[in-house]
Amino acid sequence: SVKEEKPQAVEDAIRTMDDLIWSVKPKITLQDRQELLNRLPAILARLNKWLSLIKWEDADRVRFFAELAECHASIVRAPLELSPDKQFEIAVEAAQHAAER
């Protein structure tokens with residue numbers, strides 16, 4: 001099995017998932033947002049690698065990344081003084097708009 005051949009592959013997949021989940025959570029401070037911008041290229045590169053591995057190569061994948069980018073942009077742009085709930089609401093709305101297009 002993959003797990004026996006590449007124990008680090010399973011860990012990397014889980015870390016990639018954890019990073020992705022972290023990346024779409026509201027970032028309340030400027031510092032959090034800076035960290036998001038700093039870490040994003042590596043997170044997206046790993047995500048891309050995994051999606052290639054599972055041969056997810058079509059329009060759905062392009063749309064997924066477009067919506068993810070929209071979500072990340074709305075997180076970085078949301079006013080800092082908003083409560084986490086309000087920021088989350090904005091991110092969800094942005095994702096829904098992206099899905100409708």
# chains A, B, ... in the order shown; residues from 1 in each chain; ligands from 1
>>> residues_around(residues="Leu80 in chain A", least_positions_apart="6", cutoff="8 Å", atoms="only C-alpha atoms", output="short mmCIF file (atom, residue, chain, number, x, y, z; two decimals) with N, CA, C and O atoms, in the first residue's frame")
data_model
loop_
_atom_site.label_atom_id
_atom_site.label_comp_id
_atom_site.auth_asym_id
_atom_site.auth_seq_id
_atom_site.Cartn_x
_atom_site.Cartn_y
_atom_site.Cartn_z
N ILE A 28 -7.68 37.34 11.36
CA ILE A 28 -8.14 38.56 12.04
C ILE A 28 -7.08 39.65 12.12
O ILE A 28 -7.38 40.83 12.06
N THR A 29 -5.81 39.25 12.25
CA THR A 29 -4.76 40.26 12.38
C THR A 29 -3.96 40.38 11.08
O THR A 29 -3.95 39.48 10.25
N LEU A 30 -3.30 41.51 10.98
CA LEU A 30 -2.45 41.77 9.82
C LEU A 30 -1.35 40.70 9.74
O LEU A 30 -0.98 40.25 8.66
#
>>> closest_atom_pairs(of="range 68-96 of chain A", to="range 4-24 of chain A", cutoff="8 Å", atoms="only C-alpha atoms", output="Markdown table")
| residue | atom | partner | partner_atom | distance |
| --- | --- | --- | --- | --- |
| A:Cys71 | CA | A:Val24 | CA | 6.8 |
| A:His72 | CA | A:Val24 | CA | 6.3 |
| A:Ile75 | CA | A:Val24 | CA | 7.4 |
>>> select_by_dssp(residues="range 62-91 of chain A", states="helix (DSSP H, G or I)", output="NGL selection string")
:A and (62-77 or 84-91)
>>> residues_around(residues="range 84-98 of chain A", least_positions_apart="6", cutoff="8 Å", atoms="only C-alpha atoms", output="VMD selection string")
chain A and resid 25 to 28 66 to 68 70 to 71 74 to 75 78
>>> closest_residue(among="A:Leu47, A:Asp58, A:Ala69, A:Val76", to="Glu35 in chain A", atoms="only C-alpha atoms")
A:Val76
>>> decode(residues="chain A", atoms="C-alpha atoms", output="compact mmCIF listing (two decimals), in the first residue's frame")
# COMPACT_ATOMS: atom_id res chain seq x y z
CA SER A 1 0.00 0.00 0.00
CA VAL A 2 0.99 3.62 -0.39
CA LYS A 3 1.22 3.95 3.38
CA GLU A 4 3.97 1.33 3.63
CA GLU A 5 5.93 2.53 0.62
CA LYS A 6 5.81 6.20 1.49
CA PRO A 7 4.95 6.91 5.10
CA GLN A 8 5.86 10.55 4.52
CA ALA A 9 3.35 10.73 1.65
CA VAL A 10 0.44 10.17 4.01
CA GLU A 11 1.79 12.78 6.43
CA ASP A 12 2.32 15.22 3.58
CA ALA A 13 -1.23 14.69 2.32
CA ILE A 14 -2.64 15.31 5.79
CA ARG A 15 -0.44 18.37 6.27
CA THR A 16 -1.54 19.72 2.89
CA MET A 17 -5.18 19.26 3.91
CA ASP A 18 -4.59 20.91 7.29
CA ASP A 19 -2.82 23.84 5.62
CA LEU A 20 -5.65 24.22 3.12
CA ILE A 21 -8.24 24.29 5.91
CA TRP A 22 -6.12 26.80 7.85
CA SER A 23 -5.78 28.96 4.73
CA VAL A 24 -9.53 29.48 4.32
CA LYS A 25 -10.22 30.34 7.97
CA PRO A 26 -10.67 34.04 8.76
CA LYS A 27 -7.43 35.90 9.44
CA ILE A 28 -8.14 38.56 12.04
CA THR A 29 -4.76 40.26 12.38
CA LEU A 30 -2.45 41.77 9.82
CA GLN A 31 0.18 39.29 11.00
CA ASP A 32 -2.13 36.34 10.25
CA ARG A 33 -2.76 37.71 6.78
CA GLN A 34 0.92 38.19 6.13
CA GLU A 35 1.49 34.58 7.18
CA LEU A 36 -1.23 33.47 4.76
CA LEU A 37 0.40 35.36 1.88
CA ASN A 38 3.81 33.95 2.79
CA ARG A 39 2.64 30.35 3.06
CA LEU A 40 0.14 30.31 0.20
CA PRO A 41 2.55 29.61 -2.68
CA ALA A 42 3.93 26.49 -0.97
CA ILE A 43 0.46 25.31 0.09
CA LEU A 44 -0.92 25.70 -3.45
CA ALA A 45 2.14 24.01 -4.97
CA ARG A 46 1.66 20.97 -2.71
CA LEU A 47 -2.07 20.93 -3.40
CA ASN A 48 -1.37 21.00 -7.14
CA LYS A 49 1.06 18.13 -6.80
CA TRP A 50 -1.54 15.99 -5.01
CA LEU A 51 -4.29 16.84 -7.48
CA SER A 52 -1.99 15.84 -10.36
CA LEU A 53 -1.27 12.59 -8.59
CA ILE A 54 -4.97 11.74 -8.46
CA LYS A 55 -5.27 12.85 -12.10
CA TRP A 56 -7.76 15.63 -11.40
CA GLU A 57 -7.05 17.53 -14.60
CA ASP A 58 -10.20 19.15 -15.92
CA ALA A 59 -12.39 22.23 -15.78
CA ASP A 60 -13.49 21.31 -12.25
CA ARG A 61 -9.93 21.69 -11.07
CA VAL A 62 -9.56 25.07 -12.75
CA ARG A 63 -12.82 26.20 -11.15
CA PHE A 64 -11.73 24.86 -7.75
CA PHE A 65 -8.55 26.95 -7.85
CA ALA A 66 -10.44 30.02 -9.08
CA GLU A 67 -12.89 29.74 -6.18
CA LEU A 68 -10.06 29.13 -3.73
CA ALA A 69 -8.26 32.24 -4.99
CA GLU A 70 -11.49 34.23 -4.60
CA CYS A 71 -11.86 32.94 -1.05
CA HIS A 72 -8.26 33.79 -0.15
CA ALA A 73 -8.62 37.25 -1.68
CA SER A 74 -11.78 37.95 0.32
CA ILE A 75 -9.99 36.86 3.52
CA VAL A 76 -7.07 39.18 2.86
CA ARG A 77 -9.37 42.06 1.86
CA ALA A 78 -11.95 41.77 4.64
CA PRO A 79 -11.84 44.75 7.02
CA LEU A 80 -9.65 43.88 10.01
CA GLU A 81 -12.11 45.18 12.57
CA LEU A 82 -14.81 42.68 11.58
CA SER A 83 -15.63 39.87 13.95
CA PRO A 84 -14.57 36.36 12.91
CA ASP A 85 -18.21 35.44 12.27
CA LYS A 86 -18.69 38.40 9.98
CA GLN A 87 -15.46 37.65 8.10
CA PHE A 88 -16.55 34.04 7.72
CA GLU A 89 -19.89 35.17 6.33
CA ILE A 90 -18.11 37.36 3.76
CA ALA A 91 -15.84 34.48 2.73
CA VAL A 92 -18.82 32.14 2.32
CA GLU A 93 -20.67 34.74 0.24
CA ALA A 94 -17.63 35.22 -1.97
CA ALA A 95 -17.34 31.46 -2.47
CA GLN A 96 -21.04 31.22 -3.35
CA HIS A 97 -20.75 34.04 -5.89
CA ALA A 98 -17.73 32.32 -7.41
CA ALA A 99 -19.69 29.06 -7.67
CA GLU A 100 -22.59 30.78 -9.42
CA ARG A 101 -20.46 32.34 -12.16
